[in-house]
>>> print(open('work.txt').read())   # compact mmCIF, C-alpha atoms
# COMPACT_ATOMS: atom_id res chain seq x y z
CA MET A 602 -33.65 -53.98 -8.94
CA LYS A 603 -32.00 -57.32 -9.63
CA LEU A 604 -29.86 -59.23 -7.17
CA GLU A 605 -27.18 -61.60 -8.46
CA LEU A 606 -26.31 -64.34 -5.99
CA LEU A 607 -22.50 -64.60 -5.77
CA SER A 608 -21.95 -67.25 -3.10
CA LYS A 609 -23.45 -69.26 -0.24
CA GLU A 610 -21.57 -70.63 2.74
CA ILE A 611 -22.33 -72.24 6.09
CA ILE A 612 -20.61 -70.42 8.98
CA LYS A 613 -20.04 -72.49 12.11
CA PRO A 614 -18.96 -71.39 15.61
CA THR A 615 -15.22 -71.31 16.27
CA SER A 616 -15.70 -73.14 19.57
CA PRO A 617 -17.90 -76.23 20.12
CA ASN A 618 -17.81 -75.87 23.92
CA HIS A 619 -21.43 -75.09 24.73
CA PRO A 620 -24.66 -76.86 25.74
CA GLN A 621 -26.04 -79.22 23.11
CA THR A 622 -29.76 -78.47 23.47
CA LEU A 623 -32.07 -75.59 24.33
CA SER A 624 -35.79 -76.05 24.95
CA LEU A 625 -38.19 -73.54 23.42
CA SER A 626 -40.40 -71.67 25.85
CA PHE A 627 -44.18 -71.92 25.48
CA PHE A 628 -44.19 -68.45 23.96
CA ASP A 629 -41.50 -69.47 21.42
CA GLN A 630 -43.65 -72.45 20.46
CA PHE A 631 -46.65 -70.20 19.87
CA LEU A 632 -44.95 -67.52 17.75
CA PRO A 633 -45.37 -67.64 13.96
CA SER A 634 -42.63 -69.18 11.84
CA THR A 635 -40.92 -66.11 10.50
CA TYR A 636 -37.64 -64.23 10.66
CA VAL A 637 -36.95 -61.09 12.65
CA SER A 638 -34.80 -59.03 10.30
CA ALA A 639 -32.93 -55.76 10.05
CA ILE A 640 -31.00 -54.35 7.09
CA PHE A 641 -28.00 -52.08 7.66
CA PHE A 642 -26.90 -49.82 4.79
CA TYR A 643 -23.33 -48.45 4.55
CA ASP A 644 -21.97 -45.94 2.04
CA GLU A 645 -18.28 -46.80 2.45
CA GLN A 646 -16.27 -49.76 1.27
CA ALA A 647 -13.35 -48.31 -0.75
CA ASN A 648 -13.24 -51.34 -3.07
CA GLN A 649 -12.62 -53.76 -0.22
CA GLU A 650 -15.28 -56.35 -1.04
CA ASP A 651 -13.11 -59.39 -0.34
CA ILE A 652 -11.80 -57.90 2.91
CA ILE A 653 -15.33 -57.02 4.04
CA VAL A 654 -16.70 -60.49 3.34
CA GLN A 655 -13.82 -62.32 5.03
CA ARG A 656 -13.92 -60.11 8.11
CA LEU A 657 -17.69 -60.53 8.44
CA LYS A 658 -17.42 -64.31 8.11
CA SER A 659 -14.59 -64.74 10.62
CA SER A 660 -16.18 -62.40 13.19
CA LEU A 661 -19.56 -64.09 12.70
CA SER A 662 -17.96 -67.45 13.48
CA GLN A 663 -16.51 -66.00 16.71
CA THR A 664 -19.84 -64.49 17.69
CA LEU A 665 -21.73 -67.74 17.10
CA SER A 666 -19.60 -69.36 19.80
CA LEU A 667 -21.43 -67.11 22.27
CA PHE A 668 -24.83 -67.17 20.51
CA TYR A 669 -24.62 -70.91 19.80
CA PRO A 670 -28.40 -71.61 19.44
CA LEU A 671 -28.41 -69.41 16.32
CA ALA A 672 -26.14 -71.99 14.69
CA GLY A 673 -28.43 -74.83 15.70
CA GLN A 674 -31.52 -76.51 14.29
CA ILE A 675 -35.04 -76.83 15.72
CA LYS A 676 -36.40 -80.37 15.82
CA ASP A 677 -39.90 -81.55 16.75
CA GLY A 678 -40.93 -77.91 17.22
CA VAL A 679 -39.80 -77.85 20.86
CA THR A 680 -36.00 -78.13 21.05
CA VAL A 681 -33.01 -76.39 19.48
CA HIS A 682 -30.28 -78.92 18.80
CA CYS A 683 -27.04 -76.97 19.16
CA HIS A 684 -24.70 -79.26 17.23
CA ASP A 685 -23.12 -76.44 15.20
CA GLN A 686 -25.20 -76.98 12.08
CA GLY A 687 -24.18 -73.39 11.29
CA ALA A 688 -25.65 -70.14 10.01
CA LEU A 689 -26.25 -69.36 6.34
CA PHE A 690 -24.10 -66.58 4.84
CA THR A 691 -24.88 -65.38 1.31
CA GLU A 692 -23.25 -62.73 -0.83
CA ALA A 693 -25.05 -60.85 -3.60
CA ARG A 694 -24.68 -57.90 -5.94
CA ALA A 695 -27.37 -55.31 -6.78
CA ASP A 696 -27.56 -53.68 -10.20
CA ILE A 697 -28.36 -50.22 -8.77
CA PHE A 698 -26.51 -47.49 -6.89
CA LEU A 699 -27.07 -47.20 -3.15
CA SER A 700 -27.71 -43.47 -3.61
CA ASP A 701 -30.48 -44.23 -6.11
CA PHE A 702 -32.06 -46.79 -3.81
CA LEU A 703 -32.10 -44.38 -0.87
CA ARG A 704 -33.99 -41.78 -2.93
CA ASN A 705 -37.00 -44.07 -2.69
CA PRO A 706 -36.30 -46.40 0.23
CA SER A 707 -39.93 -46.94 1.16
CA ASP A 708 -40.70 -49.53 -1.49
CA ALA A 709 -41.28 -52.46 0.85
CA ASP A 710 -41.00 -54.94 -2.03
CA LEU A 711 -37.46 -53.72 -2.76
CA VAL A 712 -36.51 -53.80 0.92
CA HIS A 713 -37.89 -57.33 1.13
CA GLU A 714 -35.52 -58.42 -1.67
CA PHE A 715 -32.59 -57.82 0.66
CA ILE A 716 -33.80 -60.37 3.21
CA VAL A 717 -35.29 -63.06 0.99
CA SER A 718 -33.79 -66.38 2.04
CA PRO A 719 -33.21 -69.38 -0.25
CA ASP A 720 -36.21 -71.59 -0.94
CA HIS A 721 -35.09 -74.26 1.50
CA ALA A 722 -34.70 -71.82 4.41
CA ASP A 723 -37.21 -72.41 7.20
CA PRO A 724 -37.22 -70.33 10.41
CA GLU A 725 -38.97 -73.22 12.15
CA THR A 726 -36.08 -75.63 11.47
CA TRP A 727 -32.93 -74.25 9.74
CA PRO A 728 -31.20 -71.88 9.24
CA LEU A 729 -32.02 -70.03 12.44
CA LEU A 730 -29.69 -67.23 11.31
CA HIS A 731 -29.28 -65.97 7.76
CA VAL A 732 -26.89 -63.16 6.86
CA LYS A 733 -26.89 -61.61 3.40
CA VAL A 734 -24.26 -59.08 2.26
CA ILE A 735 -25.26 -57.04 -0.78
CA PHE A 736 -22.84 -54.84 -2.74
CA PHE A 737 -24.23 -51.94 -4.78
CA LYS A 738 -22.83 -50.53 -8.03
CA ASP A 739 -21.16 -47.69 -6.16
CA ARG A 740 -19.18 -47.83 -2.89
CA GLY A 741 -22.18 -48.85 -0.81
CA PHE A 742 -23.13 -52.19 0.68
CA ALA A 743 -25.80 -53.62 2.99
CA VAL A 744 -25.82 -56.31 5.66
CA ALA A 745 -29.18 -58.03 6.15
CA VAL A 746 -29.50 -60.08 9.34
CA SER A 747 -32.43 -62.46 9.83
CA VAL A 748 -32.94 -64.58 12.96
CA SER A 749 -35.73 -67.04 13.61
CA HIS A 750 -38.53 -65.54 15.70
CA LYS A 751 -38.71 -68.91 17.43
CA ILE A 752 -35.59 -68.02 19.40
CA CYS A 753 -35.12 -64.24 19.10
CA ASP A 754 -37.05 -60.99 19.37
CA ALA A 755 -35.91 -57.55 18.15
CA ALA A 756 -33.98 -56.81 21.36
CA SER A 757 -32.13 -60.13 20.97
CA LEU A 758 -31.33 -59.25 17.37
CA SER A 759 -29.89 -55.91 18.51
CA THR A 760 -27.74 -57.60 21.19
CA PHE A 761 -26.43 -60.12 18.66
CA VAL A 762 -25.52 -57.45 16.10
CA CYS A 763 -23.77 -55.39 18.80
CA SER A 764 -21.66 -58.41 19.76
CA TRP A 765 -20.89 -59.20 16.12
CA THR A 766 -19.76 -55.65 15.32
CA ASN A 767 -17.45 -55.71 18.35
CA ALA A 768 -15.88 -58.92 17.09
CA SER A 769 -15.55 -57.49 13.58
CA LYS A 770 -13.51 -54.57 14.95
CA GLY A 771 -11.35 -56.87 17.06
CA ASN A 772 -12.73 -55.62 20.36
CA ALA A 773 -13.17 -57.82 23.40
CA ASP A 774 -16.84 -58.69 23.74
CA THR A 775 -18.54 -57.51 26.91
CA VAL A 776 -21.79 -59.32 26.10
CA ASN A 777 -22.38 -62.57 27.95
CA PRO A 778 -25.67 -63.71 26.44
CA GLU A 779 -27.95 -65.98 28.42
CA PHE A 780 -30.85 -68.12 27.19
CA PRO A 781 -33.34 -68.32 30.08
CA GLY A 782 -36.48 -68.78 27.97
CA PRO A 783 -37.48 -72.24 29.27
CA ASP A 784 -37.10 -71.02 32.84
CA PHE A 785 -39.03 -67.78 32.36
CA TYR A 786 -41.82 -69.17 30.15
CA PRO A 787 -41.77 -72.94 30.83
CA PRO A 788 -42.41 -75.10 27.74
CA ALA A 789 -46.03 -75.95 27.05
CA ASP A 790 -47.68 -79.24 26.27
CA ILE A 791 -47.18 -79.52 22.49
CA SER A 792 -50.73 -80.80 22.16
CA LEU A 793 -52.00 -77.33 23.08
CA GLU A 794 -53.17 -75.29 20.13
CA PHE A 795 -53.37 -71.51 19.95
CA PRO A 796 -55.02 -69.44 17.23
CA PRO A 797 -52.54 -67.93 14.75
CA LEU A 798 -51.25 -64.55 15.93
CA LEU A 799 -51.49 -61.60 13.54
CA VAL A 800 -51.97 -63.73 10.43
CA ARG A 801 -53.89 -62.01 7.64
CA GLU A 802 -55.16 -63.92 4.65
CA THR A 803 -55.79 -60.80 2.57
CA LYS A 804 -53.10 -59.21 0.40
CA SER A 805 -51.27 -56.55 2.36
CA LYS A 806 -49.19 -53.46 1.68
CA THR A 807 -46.37 -51.91 3.71
CA LYS A 808 -45.61 -48.20 3.78
CA ARG A 809 -43.08 -46.06 5.64
CA PHE A 810 -44.00 -42.84 7.45
CA VAL A 811 -41.53 -40.53 9.21
CA PHE A 812 -42.34 -38.41 12.26
CA GLY A 813 -39.91 -35.51 12.73
CA SER A 814 -38.98 -34.30 16.20
CA LEU A 815 -41.09 -31.11 15.96
CA MET A 816 -44.18 -33.02 14.87
CA ILE A 817 -43.66 -35.54 17.66
CA GLU A 818 -43.68 -32.71 20.22
CA LYS A 819 -46.90 -31.35 18.74
CA LEU A 820 -48.48 -34.80 18.84
CA LYS A 821 -47.41 -35.28 22.46
CA LYS A 822 -49.04 -31.97 23.38
CA ARG A 823 -52.24 -33.02 21.66
CA ALA A 824 -52.27 -36.38 23.47
CA SER A 825 -51.79 -34.70 26.86
CA SER A 826 -54.18 -31.81 26.28
CA GLY A 827 -56.94 -33.32 28.43
CA ASN A 828 -57.01 -34.49 32.03
CA LEU A 829 -56.56 -38.18 31.26
CA VAL A 830 -52.80 -38.26 30.60
CA PRO A 831 -50.69 -35.37 31.86
CA GLN A 832 -47.44 -37.06 30.73
CA VAL A 833 -47.04 -38.81 27.36
CA THR A 834 -44.03 -40.44 25.72
CA ARG A 835 -43.25 -40.11 22.03
CA ILE A 836 -43.91 -43.84 21.48
CA GLU A 837 -47.29 -43.64 23.22
CA SER A 838 -48.43 -40.62 21.20
CA ILE A 839 -47.36 -42.06 17.83
CA THR A 840 -48.81 -45.47 18.68
CA ALA A 841 -52.14 -43.92 19.61
CA LEU A 842 -52.33 -41.87 16.38
CA LEU A 843 -51.45 -44.86 14.21
CA LEU A 844 -53.96 -47.13 15.93
CA ARG A 845 -56.68 -44.48 15.56
CA CYS A 846 -56.00 -44.04 11.84
CA MET A 847 -55.55 -47.77 11.16
CA THR A 848 -58.85 -48.71 12.77
CA LYS A 849 -60.62 -45.86 10.95
CA ALA A 850 -59.31 -47.15 7.63
CA GLY A 851 -60.33 -50.71 8.42
CA HIS A 852 -63.83 -50.06 9.69
CA SER A 853 -65.09 -46.85 8.10
CA LYS A 854 -67.00 -48.69 5.36
CA ALA A 855 -67.93 -51.81 7.27
CA GLY A 856 -71.55 -50.82 7.87
CA LYS A 857 -71.70 -52.96 10.99
CA VAL A 858 -70.13 -53.21 14.41
CA ILE A 859 -66.76 -54.94 14.24
CA LYS A 860 -64.85 -56.16 17.26
CA PHE A 861 -61.07 -55.91 17.23
CA ALA A 862 -58.09 -55.85 19.58
CA ILE A 863 -55.09 -53.55 19.91
CA THR A 864 -51.77 -54.33 21.52
CA GLN A 865 -48.35 -52.80 22.03
CA THR A 866 -45.42 -55.14 22.63
CA MET A 867 -43.52 -54.43 25.84
CA ASN A 868 -39.88 -55.47 26.18
CA LEU A 869 -39.63 -57.06 29.63
CA ARG A 870 -35.85 -56.73 30.06
CA PRO A 871 -35.68 -53.07 31.16
CA ARG A 872 -38.83 -53.44 33.28
CA VAL A 873 -37.93 -56.37 35.50
CA SER A 874 -35.11 -56.94 37.96
CA SER A 875 -32.11 -59.03 36.93
CA SER A 876 -33.24 -61.63 39.49
CA LEU A 877 -36.18 -62.30 37.18
CA LEU A 878 -34.54 -61.82 33.79
CA PRO A 879 -30.96 -60.93 32.74
CA HIS A 880 -30.96 -57.69 30.77
CA LYS A 881 -28.96 -59.38 27.98
CA ALA A 882 -31.31 -62.36 27.83
CA ILE A 883 -31.67 -63.83 24.35
CA GLY A 884 -35.10 -65.10 23.40
CA ASN A 885 -38.66 -63.79 23.21
CA PHE A 886 -39.12 -61.73 26.34
CA PHE A 887 -41.89 -59.30 25.66
CA PHE A 888 -45.40 -58.89 26.99
CA LEU A 889 -48.53 -58.54 24.87
CA PRO A 890 -51.38 -56.81 26.70
CA LEU A 891 -54.61 -57.09 24.77
CA LEU A 892 -57.17 -54.29 24.66
CA LYS A 893 -60.56 -55.22 23.21
CA GLU A 894 -62.37 -52.53 21.24
CA SER A 895 -65.12 -52.25 18.65
CA SER A 896 -65.85 -50.02 15.67
CA GLU A 897 -68.22 -48.09 17.94
CA SER A 898 -65.25 -46.90 20.02
CA LYS A 899 -64.25 -43.31 19.32
CA MET A 900 -60.55 -44.21 19.60
CA GLU A 901 -59.56 -40.73 20.67
CA ILE A 902 -55.80 -40.33 20.99
CA GLU A 903 -55.78 -39.36 24.67
CA GLU A 904 -58.08 -42.29 25.50
CA ILE A 905 -55.84 -44.76 23.70
CA VAL A 906 -52.77 -43.39 25.50
CA SER A 907 -54.59 -43.67 28.81
CA LYS A 908 -55.45 -47.33 28.15
CA LEU A 909 -51.89 -48.11 27.06
CA GLN A 910 -50.53 -46.51 30.21
CA LYS A 911 -52.93 -48.54 32.29
CA THR A 912 -51.58 -51.76 30.78
CA LYS A 913 -48.08 -50.67 31.82
CA GLU A 914 -49.29 -50.11 35.37
CA GLU A 915 -50.88 -53.55 35.38
CA LEU A 916 -47.63 -55.08 34.13
CA ASN A 917 -45.71 -53.29 36.89
CA GLU A 918 -47.99 -54.99 39.40
CA LEU A 919 -47.37 -58.37 37.80
CA ILE A 920 -43.57 -58.07 37.87
CA ARG A 921 -43.30 -56.65 41.38
CA ASN A 922 -41.04 -58.91 43.44
CA ASP A 923 -38.36 -59.00 46.11
CA PRO A 924 -35.06 -59.67 44.28
CA ASP A 925 -33.62 -61.23 47.43
CA ASP A 926 -36.51 -63.66 47.80
CA ALA A 927 -36.39 -66.66 45.44
CA LYS A 928 -40.02 -67.53 46.13
CA SER A 929 -41.09 -63.98 45.24
CA SER A 930 -39.29 -64.24 41.88
CA VAL A 931 -40.93 -67.57 41.08
CA GLU A 932 -44.35 -66.13 41.89
CA ALA A 933 -43.73 -63.07 39.69
CA LYS A 934 -42.71 -65.27 36.73
CA GLY A 935 -45.87 -67.30 37.25
CA ARG A 936 -48.05 -64.18 37.22
CA ILE A 937 -46.45 -62.92 34.00
CA ALA A 938 -46.79 -66.32 32.30
CA ARG A 939 -50.46 -66.69 33.30
CA ALA A 940 -51.28 -63.16 32.12
CA MET A 941 -49.51 -63.79 28.83
CA LEU A 942 -51.33 -67.08 28.33
CA SER A 943 -54.62 -65.36 29.09
CA SER A 944 -53.97 -62.73 26.40
CA LEU A 945 -53.02 -65.36 23.84
CA CYS A 946 -56.15 -67.38 24.53
CA GLU A 947 -58.30 -64.31 23.88
CA VAL A 948 -56.96 -63.91 20.35
CA SER A 949 -59.21 -65.61 17.83
CA PRO A 950 -59.06 -65.87 14.03
CA GLU A 951 -62.27 -63.84 13.87
CA THR A 952 -60.79 -60.91 15.83
CA GLU A 953 -58.70 -58.40 13.95
CA THR A 954 -55.60 -57.50 15.96
CA TYR A 955 -53.71 -54.24 15.47
CA ALA A 956 -50.21 -54.50 16.93
CA VAL A 957 -47.42 -51.97 17.37
CA SER A 958 -43.86 -53.03 18.11
CA SER A 959 -41.22 -50.47 19.06
CA TRP A 960 -37.60 -51.06 18.04
CA CYS A 961 -36.57 -47.62 19.29
CA ARG A 962 -33.58 -47.16 21.61
CA MET A 963 -32.14 -50.50 20.51
CA SER A 964 -28.84 -49.07 19.18
CA PHE A 965 -29.25 -50.33 15.61
CA TYR A 966 -27.53 -47.18 14.33
CA GLU A 967 -24.45 -48.06 16.40
CA ALA A 968 -23.80 -51.14 14.24
CA ASP A 969 -20.27 -50.33 13.03
CA PHE A 970 -18.45 -53.37 11.60
CA GLY A 971 -15.33 -51.28 11.06
CA TRP A 972 -16.39 -49.18 8.08
CA GLY A 973 -18.48 -46.60 9.88
CA LYS A 974 -22.02 -46.50 11.20
CA PRO A 975 -24.97 -47.26 8.91
CA VAL A 976 -26.49 -44.43 6.90
CA TRP A 977 -29.87 -46.12 7.26
CA VAL A 978 -31.42 -49.12 9.01
CA ALA A 979 -34.68 -50.71 7.93
CA PRO A 980 -36.72 -53.46 9.59
CA GLY A 981 -37.31 -56.47 7.44
CA SER A 982 -39.97 -57.87 9.77
CA VAL A 983 -42.95 -55.88 8.55
CA ASP A 984 -44.99 -58.67 6.97
CA LYS A 985 -46.22 -60.37 10.15
CA THR A 986 -46.59 -57.38 12.45
CA GLN A 987 -48.66 -54.40 11.52
CA VAL A 988 -46.44 -51.59 12.77
CA VAL A 989 -42.72 -51.44 13.53
CA LEU A 990 -41.37 -48.20 15.00
CA MET A 991 -37.67 -47.42 14.57
CA ASP A 992 -35.46 -44.49 15.44
CA ALA A 993 -34.70 -42.19 12.55
CA LYS A 994 -31.03 -41.62 11.75
CA ASP A 995 -31.00 -38.34 13.72
CA SER A 996 -32.19 -40.32 16.80
CA GLU A 997 -34.89 -37.71 17.40
CA GLY A 998 -37.43 -38.65 14.76
CA ILE A 999 -39.22 -41.98 14.38
CA GLU A 1000 -39.95 -44.09 11.30
CA ALA A 1001 -43.16 -46.10 11.28
CA TRP A 1002 -43.42 -49.09 8.96
CA VAL A 1003 -47.12 -49.88 8.67
CA THR A 1004 -48.60 -53.04 7.14
CA LEU A 1005 -52.30 -53.18 6.30
CA PRO A 1006 -54.59 -54.91 3.81
CA GLU A 1007 -54.30 -53.12 0.47
CA THR A 1008 -57.82 -51.70 0.64
CA ASP A 1009 -57.19 -50.31 4.13
CA MET A 1010 -53.79 -48.88 3.18
CA ALA A 1011 -55.33 -46.97 0.28
CA GLU A 1012 -57.38 -45.02 2.82
CA PHE A 1013 -54.84 -44.95 5.65
CA GLU A 1014 -52.00 -43.35 3.64
CA HIS A 1015 -54.27 -40.43 2.69
CA ASP A 1016 -55.66 -39.84 6.16
CA ASP A 1017 -55.48 -36.07 6.73
CA GLU A 1018 -55.09 -36.50 10.49
CA LEU A 1019 -52.08 -38.77 9.99
CA LEU A 1020 -50.45 -36.51 7.40
CA VAL A 1021 -50.51 -33.53 9.77
CA TYR A 1022 -47.76 -35.23 11.76
CA ALA A 1023 -46.12 -37.79 9.44
CA THR A 1024 -44.32 -37.53 6.10
CA PRO A 1025 -44.87 -40.53 3.82
CA SER A 1026 -41.86 -42.11 2.11
CA PRO A 1027 -39.18 -39.38 2.37
CA SER A 1028 -35.73 -39.98 0.90
CA VAL A 1029 -32.76 -40.90 3.09
CA LEU A 1030 -29.98 -38.31 3.02
CA ILE A 1031 -26.38 -39.52 3.11
>>> encode(input="work.txt", output="structure tokens")
Amino acid sequence: MKLELLSKEIIKPTSPNHPQTLSLSFFDQFLPSTYVSAIFFYDEQANQEDIIVQRLKSSLSQTLSLFYPLAGQIKDGVTVHCHDQGALFTEARADIFLSDFLRNPSDADLVHEFIVSPDHADPETWPLLHVKVIFFKDRGFAVAVSVSHKICDAASLSTFVCSWTNASKGNADTVNPEFPGPDFYPPADISLEFPPLLVRETKSKTKRFVFGSLMIEKLKKRASSGNLVPQVTRIESITALLLRCMTKAGHSKAGKVIKFAITQTMNLRPRVSSSLLPHKAIGNFFFLPLLKESSESKMEIEEIVSKLQKTKEELNELIRNDPDDAKSSVEAKGRIARAMLSSLCEVSPETETYAVSSWCRMSFYEADFGWGKPVWVAPGSVDKTQVVLMDAKDSEGIEAWVTLPETDMAEFEHDDELLVYATPSPSVLI
């Protein structure tokens, strides 16, 4: 596939009436310099390319008035200067049909082409938001949205896209985004240094695996077959299976005991009261519990689920507070911040970390700019995290995008235990 760049433009907010600076939280400062991205594919345009582009640009400008830090620039690594530097909007054309692309949508290199930013783009400075619209040879088009991980997580990306689609359809926006990061995770001393999180030096490979609803039910039954975990969610069961198979692939030929860590990101918004964190908060508001293991661990599915559930119980204890008591809220925030800092300090360059991030139930398939809902949505953020889980189009199945070193992936993708429940690289039906 070849992409021809048609145009580049800086989109600025329609209104300049907003705060001029936003401090990064200590967690923002620690996160790797990368973009959190999602690509939305649509099979309708009815030869309206100019109309589509103009509507997307004008509605993006409106939306940036609410999400003003996305049009800013990070300086000195600690502050977003919100002086309406703008977001980058590019338009491109692909030399293939959307229908042909969706027959083999699991080529991560092809998917990556949709989100590649210009050479000068830097998620640690500018642009903090990059939108790319790609038109295919047939009626299809795609909208790739990339936001700097320094100021947004996947839930923030979903909230932004929801607001943008409302503006594109001319609807009054019900989202009132807030940016409480510096209050929730107070900025750290910039002299502090943390080890790089989830950075692999070896060449990696990304593959897509789809779990259908029937296979998910079977996997849930397997995970709850013992006495450890009578109730299991679909995310817990899939996460446990993937972690088991990933660690097998990575350590089966090691010939020595290897220590590693596993983690599952937890979105804090639905777990805490609004007195602690607004549910539409924009920023990085997730928790990373760290479980230390070794290659001697059996990593049985029910045991992994049990440990993951225990981390949720521990988080519930941390966030417990009286919403009517300001002191109680401050204490809860302090407990969460200290626990998060403790986890980060335990990550070392010598410790392999296997991470799973769930983007399920984030309404990505509701992203209708006025030409219908997407026929497929793919995460573009699969190079820095090792697993991203997304809802399948039918909302019942789950797609798992797994990134591993090439040598590990060669074994992982042929794991018989994995292939009982997951289908590798199926086509997308439209």
>>> closest_residue(input="work.txt", among="A:Thr1008, A:Ser898, A:Ser930, A:Asn777", to="Leu878 (chain A)", atoms="all atoms listed in the file")
A:Ser930
>>> closest_residue(input="work.txt", among="A:Ala979, A:Ala938, A:Cys846, A:Leu699", to="Asp992 (chain A)", atoms="all atoms listed in the file")
A:Ala979
>>> residues_around(input="work.txt", residues="Glu1018 (chain A)", least_positions_apart="3", cutoff="10 Å", atoms="only C-alpha atoms", output="number ranges by chain")
A: 842-843, 845-846, 1013, 1015, 1021-1023
>>> closest_atom_pairs(input="work.txt", of="region 802-894 of chain A", to="region 761-768 of chain A", cutoff="12 Å", atoms="all atoms listed in the file", output="tab-separated table")
residue	atom	partner	partner_atom	distance
A:Lys881	CA	A:Phe761	CA	9.7
A:Ala882	CA	A:Phe761	CA	10.6
A:Ile883	CA	A:Phe761	CA	8.6
A:Gly884	CA	A:Phe761	CA	11.1
>>> closest_residue(input="work.txt", among="A:Leu661, A:Val744, A:Met867, A:Met963", to="Ile640 (chain A)", atoms="only C-alpha atoms")
A:Val744
>>> residues_around(input="work.txt", residues="Pro728 (chain A)", least_positions_apart="4", cutoff="7 Å", atoms="only C-alpha atoms", output="list in words")
Gln674, Ala688, Leu689, Ala722, Asp723 and Pro724 of chain A
>>> residues_around(input="work.txt", residues="Lys808 (chain A)", least_positions_apart="2", cutoff="9 Å", atoms="all atoms listed in the file", output="list in words")
Ser707, Asp708, Ala709, Lys806, Phe810, Ala1001, Trp1002, Val1003, Thr1004, Leu1005, Met1010, Glu1014, Pro1025 and Ser1026 of chain A
>>> write_last_selection(input="work.txt", atoms="C-alpha atoms", output="compact mmCIF listing (two decimals), in the frame of the given file")
# COMPACT_ATOMS: atom_id res chain seq x y z
CA SER A 707 -39.93 -46.94 1.16
CA ASP A 708 -40.70 -49.53 -1.49
CA ALA A 709 -41.28 -52.46 0.85
CA LYS A 806 -49.19 -53.46 1.68
CA PHE A 810 -44.00 -42.84 7.45
CA ALA A 1001 -43.16 -46.10 11.28
CA TRP A 1002 -43.42 -49.09 8.96
CA VAL A 1003 -47.12 -49.88 8.67
CA THR A 1004 -48.60 -53.04 7.14
CA LEU A 1005 -52.30 -53.18 6.30
CA MET A 1010 -53.79 -48.88 3.18
CA GLU A 1014 -52.00 -43.35 3.64
CA PRO A 1025 -44.87 -40.53 3.82
CA SER A 1026 -41.86 -42.11 2.11
>>> axis_aligned_box(input="work.txt", around="region 893-905 of chain A", padding_each_side="5 Å", output="JSON")
{"center_x": -62.0, "center_y": -47.3, "center_z": 20.6, "size_x": 22.4, "size_y": 25.9, "size_z": 19.8}
>>> closest_residue(input="work.txt", among="A:Asp969, A:Glu915, A:Asp1016, A:Asp1009", to="Thr803 (chain A)", atoms="only C-alpha atoms")
A:Asp1009
>>> atom_distance(input="work.txt", atom1="CA of Pro1027 (chain A)", atom2="CA of Pro980 (chain A)")
16.0 Å
>>> closest_atom_pairs(input="work.txt", of="region 933-952 of chain A", to="region 615-628 of chain A", cutoff="12 Å", atoms="only C-alpha atoms", output="JSON lines")
{"residue": "A:Ile937", "atom": "CA", "partner": "A:Phe628", "partner_atom": "CA", "distance": 11.7}
{"residue": "A:Ala938", "atom": "CA", "partner": "A:Phe628", "partner_atom": "CA", "distance": 9.0}
{"residue": "A:Arg939", "atom": "CA", "partner": "A:Phe627", "partner_atom": "CA", "distance": 11.3}
{"residue": "A:Met941", "atom": "CA", "partner": "A:Phe628", "partner_atom": "CA", "distance": 8.6}
{"residue": "A:Leu942", "atom": "CA", "partner": "A:Phe628", "partner_atom": "CA", "distance": 8.5}
{"residue": "A:Ser944", "atom": "CA", "partner": "A:Phe628", "partner_atom": "CA", "distance": 11.6}
{"residue": "A:Leu945", "atom": "CA", "partner": "A:Phe628", "partner_atom": "CA", "distance": 9.4}
